[in-house]
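Colleague: Just start38.pdb, nothing more (PDB, C-alpha atoms):
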```
MODEL        1
ATOM      1  CA  MET A   1       2.651 -26.472 -20.267
ATOM      2  CA  HIS A   2       2.949 -25.365 -16.670
ATOM      3  CA  PRO A   3       6.256 -26.172 -14.971
ATOM      4  CA  LEU A   4       4.188 -27.625 -12.118
ATOM      5  CA  ARG A   5       1.378 -30.105 -12.700
ATOM      6  CA  HIS A   6      -1.032 -28.081 -10.559
ATOM      7  CA  PRO A   7      -0.561 -24.320  -9.955
ATOM      8  CA  ARG A   8      -1.652 -24.793  -6.370
ATOM      9  CA  ASN A   9       1.620 -26.641  -5.741
ATOM     10  CA  ALA A  10       3.435 -23.376  -6.412
ATOM     11  CA  ILE A  11       2.551 -22.199  -2.917
ATOM     12  CA  PHE A  12       5.108 -24.648  -1.550
ATOM     13  CA  VAL A  13       7.849 -22.586  -3.173
ATOM     14  CA  GLY A  14       6.669 -19.588  -1.177
ATOM     15  CA  ALA A  15       6.339 -21.705   1.930
ATOM     16  CA  VAL A  16      10.148 -22.070   1.911
ATOM     17  CA  PHE A  17      10.353 -18.507   3.246
ATOM     18  CA  SER A  18       7.950 -19.326   6.059
ATOM     19  CA  ALA A  19      10.004 -22.400   6.904
ATOM     20  CA  LEU A  20      13.116 -20.204   7.032
ATOM     21  CA  GLY A  21      11.294 -17.854   9.421
ATOM     22  CA  LEU A  22      10.376 -20.725  11.724
ATOM     23  CA  LEU A  23      13.953 -22.035  11.522
ATOM     24  CA  TYR A  24      15.245 -18.559  12.394
ATOM     25  CA  LEU A  25      12.946 -18.451  15.438
ATOM     26  CA  GLY A  26      13.951 -21.970  16.440
ATOM     27  CA  ILE A  27      17.661 -21.191  16.292
ATOM     28  CA  GLN A  28      17.217 -18.089  18.450
ATOM     29  CA  THR A  29      15.144 -19.956  20.996
ATOM     30  CA  VAL A  30      17.358 -23.041  21.202
ATOM     31  CA  ALA A  31      20.583 -21.015  21.266
ATOM     32  CA  GLY A  32      19.112 -18.851  24.021
ATOM     33  CA  TRP A  33      19.759 -15.503  22.386
ATOM     34  CA  PRO A  34      19.144 -12.666  24.887
ATOM     35  CA  HIS A  35      16.958 -10.805  22.412
ATOM     36  CA  VAL A  36      14.689 -12.812  20.132
ATOM     37  CA  ASP A  37      14.041 -11.046  16.828
ATOM     38  CA  TYR A  38      10.264 -11.392  16.722
ATOM     39  CA  ALA A  39       9.887  -8.664  14.109
ATOM     40  CA  GLY A  40      12.260 -10.349  11.673
ATOM     41  CA  THR A  41      10.650 -13.721  12.275
ATOM     42  CA  THR A  42       7.175 -12.314  11.629
ATOM     43  CA  MET A  43       8.272 -10.625   8.421
ATOM     44  CA  LEU A  44       9.941 -13.799   7.128
ATOM     45  CA  ILE A  45       6.889 -15.960   7.853
ATOM     46  CA  LEU A  46       4.493 -13.500   6.234
ATOM     47  CA  LEU A  47       6.882 -13.018   3.312
ATOM     48  CA  GLY A  48       6.338 -16.733   2.729
ATOM     49  CA  VAL A  49       2.569 -16.168   2.598
ATOM     50  CA  ALA A  50       2.989 -13.285   0.135
ATOM     51  CA  MET A  51       5.407 -15.292  -1.995
ATOM     52  CA  SER A  52       2.998 -18.232  -2.013
ATOM     53  CA  ILE A  53       0.262 -16.067  -3.519
ATOM     54  CA  LEU A  54       2.726 -14.583  -5.970
ATOM     55  CA  PHE A  55       4.047 -17.955  -7.164
ATOM     56  CA  TYR A  56       0.475 -19.184  -7.533
ATOM     57  CA  VAL A  57      -0.330 -16.147  -9.674
ATOM     58  CA  LEU A  58       2.787 -16.654 -11.781
ATOM     59  CA  ILE A  59       1.941 -20.271 -12.541
ATOM     60  CA  ALA A  60      -1.858 -20.130 -12.701
ATOM     61  CA  GLY A  61      -1.782 -16.888 -14.668
ATOM     62  CA  SER A  62       0.389 -18.303 -17.414
ATOM     63  CA  PRO A  63      -1.335 -19.557 -20.558
ATOM     64  CA  ASN A  64      -1.260 -23.308 -21.099
ATOM     65  CA  ASP A  65       0.064 -23.128 -24.626
TER
ATOM     66  CA  MET B   1      -7.870 -10.901 -23.001
ATOM     67  CA  THR B   2     -10.311 -12.592 -25.318
ATOM     68  CA  ALA B   3     -14.081 -12.593 -25.445
ATOM     69  CA  ASP B   4     -13.961 -16.034 -23.871
ATOM     70  CA  SER B   5     -12.077 -14.733 -20.873
ATOM     71  CA  HIS B   6     -14.540 -16.202 -18.403
ATOM     72  CA  ALA B   7     -14.484 -19.742 -19.647
ATOM     73  CA  LEU B   8     -13.429 -22.299 -17.064
ATOM     74  CA  THR B   9     -12.137 -24.835 -19.539
ATOM     75  CA  THR B  10      -8.919 -24.745 -21.503
ATOM     76  CA  SER B  11      -8.696 -24.481 -25.264
ATOM     77  CA  THR B  12      -8.130 -28.239 -25.407
ATOM     78  CA  GLY B  13     -11.421 -28.840 -23.648
ATOM     79  CA  GLU B  14      -9.810 -30.024 -20.406
ATOM     80  CA  GLN B  15     -11.105 -28.778 -17.090
ATOM     81  CA  SER B  16      -8.824 -25.970 -15.923
ATOM     82  CA  PRO B  17      -6.650 -26.981 -12.948
ATOM     83  CA  VAL B  18      -7.638 -23.731 -11.268
ATOM     84  CA  ALA B  19     -11.287 -23.785 -12.245
ATOM     85  CA  GLY B  20     -12.301 -22.334  -8.916
ATOM     86  CA  LEU B  21     -11.366 -18.900 -10.227
ATOM     87  CA  THR B  22     -12.305 -17.214 -13.465
ATOM     88  CA  HIS B  23      -9.657 -17.809 -16.056
ATOM     89  CA  ASP B  24      -8.550 -16.966 -19.511
ATOM     90  CA  ALA B  25      -9.636 -19.479 -22.155
ATOM     91  CA  ARG B  26      -5.983 -20.474 -22.561
ATOM     92  CA  GLY B  27      -5.614 -21.183 -18.840
ATOM     93  CA  GLY B  28      -4.622 -17.791 -17.407
ATOM     94  CA  ILE B  29      -6.318 -15.763 -14.678
ATOM     95  CA  SER B  30      -8.673 -12.909 -15.556
ATOM     96  CA  ASN B  31      -7.189  -9.435 -15.180
ATOM     97  CA  VAL B  32      -9.500  -8.487 -12.316
ATOM     98  CA  VAL B  33      -8.673 -11.548 -10.210
ATOM     99  CA  LEU B  34      -4.983 -11.244 -11.094
ATOM    100  CA  GLY B  35      -4.953  -7.639  -9.949
ATOM    101  CA  MET B  36      -6.704  -8.498  -6.704
ATOM    102  CA  LEU B  37      -4.301 -11.350  -5.948
ATOM    103  CA  LEU B  38      -1.293  -9.083  -6.488
ATOM    104  CA  PHE B  39      -2.916  -6.413  -4.324
ATOM    105  CA  LEU B  40      -3.495  -8.979  -1.581
ATOM    106  CA  THR B  41       0.157  -9.991  -1.811
ATOM    107  CA  SER B  42       1.155  -6.425  -0.976
ATOM    108  CA  GLU B  43      -1.482  -6.320   1.764
ATOM    109  CA  VAL B  44       0.049  -9.382   3.424
ATOM    110  CA  MET B  45       3.333  -7.505   3.729
ATOM    111  CA  PHE B  46       1.548  -4.349   4.909
ATOM    112  CA  PHE B  47      -0.086  -6.178   7.791
ATOM    113  CA  GLY B  48       3.155  -8.112   8.240
ATOM    114  CA  GLY B  49       4.887  -4.850   9.116
ATOM    115  CA  LEU B  50       2.192  -4.008  11.647
ATOM    116  CA  PHE B  51       2.341  -7.466  13.219
ATOM    117  CA  ALA B  52       6.145  -7.302  13.353
ATOM    118  CA  ALA B  53       5.975  -3.959  15.154
ATOM    119  CA  TYR B  54       3.412  -5.375  17.577
ATOM    120  CA  PHE B  55       5.564  -8.401  18.438
ATOM    121  CA  ASN B  56       8.658  -6.245  18.866
ATOM    122  CA  VAL B  57       6.937  -3.757  21.193
ATOM    123  CA  ARG B  58       5.297  -6.558  23.139
ATOM    124  CA  ALA B  59       8.575  -8.467  23.585
ATOM    125  CA  ASN B  60      10.377  -5.400  24.912
ATOM    126  CA  ALA B  61       7.646  -4.247  27.322
ATOM    127  CA  PRO B  62       8.015  -5.216  31.006
ATOM    128  CA  HIS B  63       4.255  -5.818  31.236
ATOM    129  CA  TRP B  64       1.779  -6.648  28.487
ATOM    130  CA  PRO B  65      -0.845  -5.222  28.419
ATOM    131  CA  THR B  66       0.830  -2.138  29.831
ATOM    132  CA  ILE B  67      -0.259  -0.401  33.029
ATOM    133  CA  ASN B  68      -3.286   1.880  32.754
ATOM    134  CA  PRO B  69      -2.054   5.271  34.049
ATOM    135  CA  GLU B  70      -5.568   6.111  35.246
ATOM    136  CA  SER B  71      -5.525   3.106  37.589
ATOM    137  CA  ILE B  72      -2.476   4.368  39.514
ATOM    138  CA  THR B  73      -3.643   5.810  42.817
ATOM    139  CA  ALA B  74      -2.150   6.429  46.263
ATOM    140  CA  ALA B  75      -3.759   3.207  47.467
ATOM    141  CA  ASN B  76      -2.588   1.262  44.395
ATOM    142  CA  PRO B  77       0.714   2.824  43.239
ATOM    143  CA  ALA B  78       1.532  -0.127  40.935
ATOM    144  CA  GLY B  79      -1.682   0.383  38.982
ATOM    145  CA  GLU B  80      -3.474  -2.229  36.915
ATOM    146  CA  GLN B  81      -2.944  -3.510  33.395
ATOM    147  CA  PHE B  82      -5.315  -2.605  30.591
ATOM    148  CA  GLN B  83      -7.897  -5.295  29.956
ATOM    149  CA  LEU B  84      -9.774  -6.066  26.752
ATOM    150  CA  ALA B  85     -13.224  -7.623  27.006
ATOM    151  CA  ILE B  86     -14.318 -10.174  24.410
ATOM    152  CA  LEU B  87     -17.943  -9.749  25.484
ATOM    153  CA  PRO B  88     -20.362  -8.208  24.791
ATOM    154  CA  LEU B  89     -19.095  -6.743  21.491
ATOM    155  CA  VAL B  90     -15.854  -8.169  20.091
ATOM    156  CA  GLY B  91     -16.726 -11.867  20.399
ATOM    157  CA  PRO B  92     -20.073 -11.604  18.593
ATOM    158  CA  ALA B  93     -18.492  -9.268  16.021
ATOM    159  CA  THR B  94     -15.835 -11.911  15.333
ATOM    160  CA  VAL B  95     -18.471 -14.611  14.888
ATOM    161  CA  LEU B  96     -20.381 -12.331  12.531
ATOM    162  CA  LEU B  97     -17.316 -11.586  10.425
ATOM    163  CA  ILE B  98     -16.469 -15.275  10.097
ATOM    164  CA  LEU B  99     -20.099 -15.935   9.166
ATOM    165  CA  SER B 100     -19.876 -13.248   6.490
ATOM    166  CA  SER B 101     -17.051 -15.144   4.776
ATOM    167  CA  PHE B 102     -19.412 -18.086   4.376
ATOM    168  CA  THR B 103     -22.252 -15.950   3.000
ATOM    169  CA  CYS B 104     -19.774 -14.275   0.625
ATOM    170  CA  GLN B 105     -18.595 -17.650  -0.652
ATOM    171  CA  TYR B 106     -22.196 -18.846  -1.024
ATOM    172  CA  ALA B 107     -22.792 -15.755  -3.171
ATOM    173  CA  VAL B 108     -19.836 -16.683  -5.385
ATOM    174  CA  TRP B 109     -21.036 -20.255  -5.766
ATOM    175  CA  ALA B 110     -24.546 -18.998  -6.558
ATOM    176  CA  ILE B 111     -23.432 -16.664  -9.352
ATOM    177  CA  ARG B 112     -21.133 -19.350 -10.780
ATOM    178  CA  ARG B 113     -24.172 -21.542 -11.342
ATOM    179  CA  GLY B 114     -26.242 -18.560 -12.513
ATOM    180  CA  ASP B 115     -28.552 -18.342  -9.490
ATOM    181  CA  ARG B 116     -28.925 -14.568  -9.254
ATOM    182  CA  THR B 117     -31.525 -14.635  -6.475
ATOM    183  CA  ALA B 118     -29.289 -16.596  -4.110
ATOM    184  CA  PHE B 119     -26.337 -14.439  -5.161
ATOM    185  CA  LEU B 120     -28.131 -11.186  -4.308
ATOM    186  CA  ARG B 121     -29.450 -12.550  -1.028
ATOM    187  CA  ASN B 122     -26.031 -13.737   0.136
ATOM    188  CA  ILE B 123     -24.081 -10.692  -1.023
ATOM    189  CA  GLY B 124     -26.690  -8.475   0.670
ATOM    190  CA  VAL B 125     -26.299 -10.376   3.939
ATOM    191  CA  THR B 126     -22.493 -10.119   3.661
ATOM    192  CA  PHE B 127     -22.734  -6.363   3.123
ATOM    193  CA  ALA B 128     -25.071  -5.975   6.108
ATOM    194  CA  ILE B 129     -22.765  -8.016   8.348
ATOM    195  CA  GLY B 130     -19.773  -5.917   7.264
ATOM    196  CA  VAL B 131     -21.548  -2.704   8.210
ATOM    197  CA  THR B 132     -22.701  -4.259  11.503
ATOM    198  CA  PHE B 133     -19.113  -5.257  12.311
ATOM    199  CA  LEU B 134     -17.957  -1.686  11.773
ATOM    200  CA  LEU B 135     -20.709  -0.318  14.027
ATOM    201  CA  MET B 136     -19.812  -2.818  16.750
ATOM    202  CA  GLN B 137     -16.129  -1.892  16.482
ATOM    203  CA  ALA B 138     -16.957   1.805  16.748
ATOM    204  CA  THR B 139     -19.087   1.129  19.833
ATOM    205  CA  ASP B 140     -16.215  -0.869  21.340
ATOM    206  CA  TYR B 141     -13.793   1.984  20.652
ATOM    207  CA  VAL B 142     -16.047   4.371  22.600
ATOM    208  CA  ALA B 143     -16.252   1.923  25.524
ATOM    209  CA  LEU B 144     -12.448   1.530  25.556
ATOM    210  CA  ALA B 145     -11.943   5.292  25.447
ATOM    211  CA  ASN B 146     -14.193   5.647  28.486
ATOM    212  CA  GLU B 147     -11.912   3.189  30.303
ATOM    213  CA  GLY B 148      -8.817   5.215  29.417
ATOM    214  CA  LEU B 149      -7.550   3.157  26.471
ATOM    215  CA  THR B 150      -6.984   5.605  23.631
ATOM    216  CA  LEU B 151      -4.547   5.938  20.743
ATOM    217  CA  SER B 152      -2.283   8.054  22.951
ATOM    218  CA  ALA B 153      -2.398   5.743  25.989
ATOM    219  CA  GLY B 154       1.168   4.475  25.613
ATOM    220  CA  THR B 155       2.506   1.692  23.405
ATOM    221  CA  TYR B 156      -0.401  -0.634  24.151
ATOM    222  CA  GLY B 157      -3.056   1.838  23.024
ATOM    223  CA  THR B 158      -1.010   2.824  19.977
ATOM    224  CA  THR B 159      -0.468  -0.741  18.770
ATOM    225  CA  TYR B 160      -4.041  -1.813  19.568
ATOM    226  CA  PHE B 161      -5.697   1.047  17.708
ATOM    227  CA  THR B 162      -3.207   0.964  14.832
ATOM    228  CA  LEU B 163      -3.789  -2.745  14.214
ATOM    229  CA  THR B 164      -7.558  -2.774  14.683
ATOM    230  CA  GLY B 165      -7.971   0.643  13.046
ATOM    231  CA  PHE B 166      -6.208  -0.377   9.850
ATOM    232  CA  HIS B 167      -8.203  -3.586   9.811
ATOM    233  CA  GLY B 168     -11.397  -1.578  10.285
ATOM    234  CA  ALA B 169     -10.380   0.648   7.392
ATOM    235  CA  HIS B 170     -10.005  -2.461   5.247
ATOM    236  CA  VAL B 171     -13.438  -3.714   6.333
ATOM    237  CA  PHE B 172     -14.812  -0.299   5.399
ATOM    238  CA  GLY B 173     -13.195  -0.602   1.968
ATOM    239  CA  GLY B 174     -14.562  -4.127   1.626
ATOM    240  CA  ALA B 175     -18.055  -2.948   2.559
ATOM    241  CA  ILE B 176     -17.865  -0.324  -0.196
ATOM    242  CA  MET B 177     -16.769  -3.007  -2.679
ATOM    243  CA  LEU B 178     -19.611  -5.267  -1.546
ATOM    244  CA  GLY B 179     -22.024  -2.358  -1.911
ATOM    245  CA  VAL B 180     -20.860  -1.778  -5.478
ATOM    246  CA  VAL B 181     -21.162  -5.493  -6.272
ATOM    247  CA  LEU B 182     -24.644  -5.557  -4.718
ATOM    248  CA  TYR B 183     -25.684  -2.504  -6.745
ATOM    249  CA  ARG B 184     -24.333  -3.999  -9.964
ATOM    250  CA  GLY B 185     -25.979  -7.312  -9.123
ATOM    251  CA  LEU B 186     -29.340  -5.611  -8.664
ATOM    252  CA  ALA B 187     -28.790  -4.001 -12.060
ATOM    253  CA  GLY B 188     -28.329  -7.477 -13.537
ATOM    254  CA  GLN B 189     -24.706  -6.996 -14.542
ATOM    255  CA  PHE B 190     -23.480 -10.396 -13.330
ATOM    256  CA  SER B 191     -24.063 -13.849 -14.765
ATOM    257  CA  ALA B 192     -22.503 -17.292 -14.630
ATOM    258  CA  ARG B 193     -20.068 -16.193 -17.362
ATOM    259  CA  HIS B 194     -19.402 -12.627 -16.266
ATOM    260  CA  HIS B 195     -18.684 -12.191 -12.575
ATOM    261  CA  ASP B 196     -14.986 -11.354 -12.214
ATOM    262  CA  ALA B 197     -15.717  -8.527  -9.781
ATOM    263  CA  VAL B 198     -17.605 -10.902  -7.485
ATOM    264  CA  GLU B 199     -14.665 -13.313  -7.429
ATOM    265  CA  ALA B 200     -12.196 -10.495  -6.726
ATOM    266  CA  VAL B 201     -14.255  -8.955  -3.920
ATOM    267  CA  SER B 202     -14.768 -12.350  -2.294
ATOM    268  CA  LEU B 203     -10.985 -12.901  -2.265
ATOM    269  CA  TYR B 204     -10.544  -9.543  -0.572
ATOM    270  CA  TRP B 205     -13.279 -10.264   1.964
ATOM    271  CA  HIS B 206     -11.771 -13.635   2.895
ATOM    272  CA  PHE B 207      -8.406 -11.931   3.360
ATOM    273  CA  VAL B 208      -9.904  -9.308   5.681
ATOM    274  CA  ASP B 209     -11.572 -12.105   7.631
ATOM    275  CA  VAL B 210      -8.327 -14.068   8.048
ATOM    276  CA  VAL B 211      -6.492 -10.928   9.203
ATOM    277  CA  TRP B 212      -9.164 -10.339  11.848
ATOM    278  CA  ILE B 213      -8.894 -13.921  13.112
ATOM    279  CA  LEU B 214      -5.132 -13.375  13.545
ATOM    280  CA  LEU B 215      -5.698 -10.002  15.204
ATOM    281  CA  PHE B 216      -8.351 -11.371  17.540
ATOM    282  CA  SER B 217      -6.088 -14.258  18.533
ATOM    283  CA  LEU B 218      -3.163 -11.929  19.225
ATOM    284  CA  LEU B 219      -4.999  -9.167  21.041
ATOM    285  CA  TYR B 220      -7.638 -11.100  22.943
ATOM    286  CA  LEU B 221      -6.534 -14.728  23.302
ATOM    287  CA  LEU B 222      -2.727 -14.595  23.651
ATOM    288  CA  PRO B 223      -1.925 -14.498  27.394
ATOM    289  CA  GLY B 224      -0.267 -11.328  28.693
ATOM    290  CA  LYS B 225       2.840 -11.128  30.838
TER
ENDMDL
END
```
Represent the structure contained in this file as structure tokens.
Modeller:
Amino acid sequence: MHPLRHPRNAIFVGAVFSALGLLYLGIQTVAGWPHVDYAGTTMLILLGVAMSILFYVLIAGSPND
Amino acid sequence: MTADSHALTTSTGEQSPVAGLTHDARGGISNVVLGMLLFLTSEVMFFGGLFAAYFNVRANAPHWPTINPESITAANPAGEQFQLAILPLVGPATVLLILSSFTCQYAVWAIRRGDRTAFLRNIGVTFAIGVTFLLMQATDYVALANEGLTLSAGTYGTTYFTLTGFHGAHVFGGAIMLGVVLYRGLAGQFSARHHDAVEAVSLYWHFVDVVWILLFSLLYLLPGK
């Protein structure tokens, strides 16, 4: 049995990384850092997208029995 | 992988929760689709690196787009920024590429229900649109080069051509895949039960489409500074 009822829900695990990226950007903006790390923010957000696909594959690709 | 690897229902007879894709009879994903999904995962990070570089260069540049060196004259020592035109080529090319995602998906739906005629028609249209997009991009490159925007025209030219060039290379790869799928379809190699390659290529094509929408938004719609 899948650990999640629907494999599609697994993308929310990956979305945690994207949320971290947005939080990282928010902290830099609110704190008024002189140099905003756009590269790091981009990589974190897109890592979330990649992880979402990967978690979907891990869950959906597993046999039911 | 079993002989029933394309069944969309589980061994217990329940509808698979991920029935939109081809799956193993026990609920897994077919090898072809699994491989494509993992490949796309790596592609997300590949383009992520390019986007990250773009944002970093853009954030650190005093002007964006940068100044066109050819526009600096005695009468205008400050010069003018590079400008990208959505019309007459890039805008229609974007619409075409988005349209091709729909035709590609229609092809997938057609082969899932065993309608080979509709499948061939839609995959043929998708292939033709892909080739048209590449021709339009090549024409746009020539027009930009005539205006002084080349790969060696500073950071702006480098990032623009690196991003759009790698995307174009992916469209080229996708067009080859679509051509192979079209050829195999004409040979009658796909059916409602056996069409893993169609599913995998459609995933790739949708990915390429989404990347272009992001690129178009960044390069053409995001205001400069």
Colleague: Counting only C-alpha atoms, which residues of chain A fall within 10 Å of chain B, and what is the closest atom pair for each with its distance in Å at one decimal, ordered by chain and rising number, as a tab-separated table?
Modeller:
```
residue	atom	partner	partner_atom	distance
A:Met1	CA	B:Gly27	CA	9.9
A:His2	CA	B:Gly27	CA	9.8
A:Arg5	CA	B:Pro17	CA	8.6
A:His6	CA	B:Pro17	CA	6.2
A:Pro7	CA	B:Val18	CA	7.2
A:Arg8	CA	B:Val18	CA	7.8
A:His35	CA	B:Ala59	CA	8.8
A:Val36	CA	B:Ala59	CA	8.3
A:Asp37	CA	B:Asn56	CA	7.5
A:Tyr38	CA	B:Asn56	CA	5.8
A:Ala39	CA	B:Ala52	CA	4.1
A:Gly40	CA	B:Ala52	CA	7.0
A:Thr41	CA	B:Ala52	CA	7.9
A:Thr42	CA	B:Ala52	CA	5.4
A:Met43	CA	B:Gly48	CA	5.7
A:Leu44	CA	B:Gly48	CA	8.9
A:Ile45	CA	B:Gly48	CA	8.7
A:Leu46	CA	B:Gly48	CA	5.9
A:Leu47	CA	B:Met45	CA	6.6
A:Gly48	CA	B:Val44	CA	9.7
A:Val49	CA	B:Val44	CA	7.3
A:Ala50	CA	B:Thr41	CA	4.8
A:Met51	CA	B:Thr41	CA	7.5
A:Ser52	CA	B:Thr41	CA	8.7
A:Ile53	CA	B:Thr41	CA	6.3
A:Leu54	CA	B:Thr41	CA	6.7
A:Tyr56	CA	B:Leu37	CA	9.3
A:Val57	CA	B:Leu34	CA	6.9
A:Leu58	CA	B:Gly28	CA	9.4
A:Ile59	CA	B:Gly28	CA	8.5
A:Ala60	CA	B:Gly28	CA	5.9
A:Gly61	CA	B:Gly28	CA	4.0
A:Ser62	CA	B:Gly28	CA	5.0
A:Pro63	CA	B:Gly28	CA	4.9
A:Asn64	CA	B:Gly27	CA	5.3
A:Asp65	CA	B:Arg26	CA	6.9
```
Colleague: Can you tell me, as a list of chain:residue names, what residues are no more than 12 Å from Leu149 (chain B) when counting all atoms listed in the file, ignoring any on the same chain fewer than 5 positions away?
Modeller: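 These residues fall inside the cut-off: B:Pro65, B:Thr66, B:Ile67, B:Asn68, B:Pro69, B:Glu70, B:Ser71, B:Gln81, B:Phe82, B:Gln83, B:Leu84, B:Asp140, B:Tyr141, B:Val142, B:Ala143, B:Leu144, B:Gly154, B:Thr155, B:Tyr156, B:Gly157, B:Thr158, B:Thr159, B:Tyr160, B:Phe161.
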Colleague: Between CA of Leu178 (chain B) and CA of Phe39 (chain B), what is the distance, to one decimal in Å?
Modeller: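 Pair CA of Leu178 (chain B) / CA of Phe39 (chain B) returns 17.0 Å.
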Colleague: CA of Leu182 (chain B) and CA of Arg121 (chain B) are how many Å apart?
Modeller: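 It comes out at 9.3 Å.
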Colleague: Counting all atoms listed in the file, which residue out of B:Thr132, B:Ser152, B:Thr117, B:Thr103 sits closest to Leu186 (chain B)?
Modeller: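 Among the listed residues, the smallest separation from Leu186 (chain B) belongs to B:Thr117.
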Colleague: Take CA of Gly179 (chain B) and CA of Phe127 (chain B) and report the distance between them in Å, one decimal.
Modeller: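 Interatomic distance, CA of Gly179 (chain B) to CA of Phe127 (chain B): 6.5 Å.
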Colleague: Using the chain letters and numbers from the file, which residues does the PyMOL selection byres ((chain B and resi 92) around 12) grab, as a PDB file with C-alpha atoms, in the frame of the given file?
Modeller:
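Full text of expr_22.pdb as output:
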```
ATOM      1  CA  ALA B  85     -13.224  -7.623  27.006  1.00  0.00           C
ATOM      2  CA  ILE B  86     -14.318 -10.174  24.410  1.00  0.00           C
ATOM      3  CA  LEU B  87     -17.943  -9.749  25.484  1.00  0.00           C
ATOM      4  CA  PRO B  88     -20.362  -8.208  24.791  1.00  0.00           C
ATOM      5  CA  LEU B  89     -19.095  -6.743  21.491  1.00  0.00           C
ATOM      6  CA  VAL B  90     -15.854  -8.169  20.091  1.00  0.00           C
ATOM      7  CA  GLY B  91     -16.726 -11.867  20.399  1.00  0.00           C
ATOM      8  CA  ALA B  93     -18.492  -9.268  16.021  1.00  0.00           C
ATOM      9  CA  THR B  94     -15.835 -11.911  15.333  1.00  0.00           C
ATOM     10  CA  VAL B  95     -18.471 -14.611  14.888  1.00  0.00           C
ATOM     11  CA  LEU B  96     -20.381 -12.331  12.531  1.00  0.00           C
ATOM     12  CA  LEU B  97     -17.316 -11.586  10.425  1.00  0.00           C
ATOM     13  CA  ILE B  98     -16.469 -15.275  10.097  1.00  0.00           C
ATOM     14  CA  LEU B  99     -20.099 -15.935   9.166  1.00  0.00           C
ATOM     15  CA  ILE B 129     -22.765  -8.016   8.348  1.00  0.00           C
ATOM     16  CA  THR B 132     -22.701  -4.259  11.503  1.00  0.00           C
ATOM     17  CA  PHE B 133     -19.113  -5.257  12.311  1.00  0.00           C
ATOM     18  CA  MET B 136     -19.812  -2.818  16.750  1.00  0.00           C
ATOM     19  CA  GLN B 137     -16.129  -1.892  16.482  1.00  0.00           C
ATOM     20  CA  ASP B 140     -16.215  -0.869  21.340  1.00  0.00           C
ATOM     21  CA  PHE B 216      -8.351 -11.371  17.540  1.00  0.00           C
TER      22      PHE B 216
END
```
